[in-house]
Structures are given as structure tokens and as C-alpha cells.
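Structure, as C-alpha cells:
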Amino acid sequence: MPRPKRCRRVCCEPGYTYFKPQGIPLERLEKRELGLDELEAIRLADMLGLPQAEAARMMNISQPTFSRIVSNGRQKIAECVVRGLALKMKSVESSNSVIDREESMTPPKGRCNRRRGR
């Protein structure tokens, strides 16, 4: 049985659902889905320029997991840009994430702070 996924902290949901090429109706485009955790990892690493260890701590995940998440997110974004695909942003309800608007280094509160199996 696999280990349960840890809840990932994100600062906020994006203000949009899709990112797509201009002039092509969404119905005619192939779509890729970007997880909220992937978007947050890219925001922390690429937009804010944080070191991976610090960004991983902020998301309440390990550094190797952060590295995998960022790599997967970058790959999806690159594919959408190069091939002209639509990029759909997941919502909090459909992901394993919790919103923490303060972006602090404090431990998460609520549903993601449960200890399992200990």
C-alpha cells in the first residue's frame, strides 16, 4: 500500500482556469492539466527565485519531491507553449493542496496537519 500524499501548501488559487493560444477556440485545442502544487512550485522557484530547500519547506514537502513537482510543471508548460496546447489549472478541490495566504514558514494548520500511522 503506498504512503498517503502529504498535503501541499500553496499561497492562492490562480485567477483563471485556462491559459491558451490566442485566436483558437478552447474546444478545438488539446489540453494539459497543471496541478496547483506544480504552479506553486514554479512560482516559488522561477518567479521568486527561492532555493529548492526553502521553497520545499514553504510547501510542506521534501526537497526531492519539490524537485519532481517543479520538473513536471515545467515540462507541461513547455509542451503547451511549443505545441500550442491549452493549459488547465486545477482547483484546490481537485488537488491535494491547502491555501496558506501568509506564505510563512509555520507548520500547516487544519486538514493537512494530521498525523497518519504514528
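Starting from 1 in every chain, residues are counted up; chains themselves are A, B, ... following the order of the C-alpha cells, and ligands are numbered from 1 as listed.
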
Report task. Excluding Tyr16 of chain A and residues on its chain fewer than 4 positions from it, collect all residues at most 12 Å away from it, counting only C-alpha atoms, and give them as a PyMOL selection string. Result -> chain A and resi 12+20+36+87-91

Near Thr65 of chain A, within 12 Å and counting only C-alpha atoms, which residues show up once chain neighbours fewer than 6 positions away are dropped, as a short mmCIF file (atom, residue, chain, number, x, y, z; two decimals) with N, CA and C atoms, in the first residue's frame?
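Written out: around_6.cif:
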data_model
loop_
_atom_site.label_atom_id
_atom_site.label_comp_id
_atom_site.auth_asym_id
_atom_site.auth_seq_id
_atom_site.Cartn_x
_atom_site.Cartn_y
_atom_site.Cartn_z
N LYS A 5 -0.34 10.79 0.33
CA LYS A 5 0.32 12.01 -0.11
C LYS A 5 0.22 13.07 0.96
N ARG A 6 1.31 13.81 1.16
CA ARG A 6 1.28 14.93 2.09
C ARG A 6 0.56 16.09 1.43
N ARG A 8 0.03 19.71 0.27
CA ARG A 8 0.98 20.74 -0.17
C ARG A 8 0.39 22.12 0.04
N ASP A 37 -0.14 22.42 -7.07
CA ASP A 37 1.17 22.28 -6.46
C ASP A 37 2.28 22.55 -7.48
N GLU A 38 2.08 22.16 -8.73
CA GLU A 38 3.07 22.43 -9.78
C GLU A 38 3.17 23.93 -10.05
N ALA A 41 5.00 25.51 -7.09
CA ALA A 41 6.43 25.20 -7.12
C ALA A 41 7.15 26.07 -8.16
N GLN A 52 15.59 25.58 -3.67
CA GLN A 52 14.64 24.48 -3.60
C GLN A 52 14.34 24.04 -2.17
N ALA A 53 15.34 24.02 -1.31
CA ALA A 53 15.12 23.58 0.07
C ALA A 53 14.15 24.51 0.79
N ALA A 55 11.91 26.60 -0.63
CA ALA A 55 10.60 26.50 -1.28
C ALA A 55 9.88 25.22 -0.85
N ALA A 56 10.62 24.13 -0.74
CA ALA A 56 10.02 22.86 -0.31
C ALA A 56 9.48 22.98 1.11
N ARG A 57 10.24 23.64 1.98
CA ARG A 57 9.79 23.85 3.36
C ARG A 57 8.49 24.66 3.38
N MET A 59 6.21 24.71 1.15
CA MET A 59 5.10 23.90 0.64
C MET A 59 4.82 22.68 1.52
N SER A 71 9.86 20.03 -11.95
CA SER A 71 10.25 19.46 -13.24
C SER A 71 9.03 19.07 -14.07
N ASN A 72 8.06 18.41 -13.43
CA ASN A 72 6.83 18.04 -14.14
C ASN A 72 6.06 19.26 -14.62
#

Query raised in the report: What's the 12 Å shell around Gly73 of chain A, counting only C-alpha atoms, without same-chain residues fewer than 4 positions away, as a PyMOL selection string?
Result: chain A and resi 32-43+45-46+66-69+77-80+87-89

Would you please give, as a CSV table (one decimal) with C-alpha atoms, in the first residue's frame, all residues of segment 20-94 of chain A that DSSP assigns to strand (DSSP E or B) based on the backbone?
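Result written to part-v5.csv:
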chain,number,residue,atom,x,y,z
A,31,LYS,CA,-5.5,20.3,-23.2
A,32,ARG,CA,-2.9,19.6,-20.4
A,33,GLU,CA,-3.7,19.9,-16.7
A,34,LEU,CA,-1.3,21.8,-14.4
A,86,ALA,CA,-4.4,24.8,-23.7
A,87,LEU,CA,-3.2,24.6,-20.1
A,88,LYS,CA,-5.9,24.0,-17.5
A,89,MET,CA,-5.3,25.0,-13.9

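Distances to Val81 of chain A were evaluated for A:Pro21, A:Ile61, A:Cys7, A:Glu13 using only C-alpha atoms, and the minimum falls at A:Pro21.
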
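Between atom CA of Val10 of chain A and atom CA of Leu26 of chain A lies a distance of 26.9 Å.
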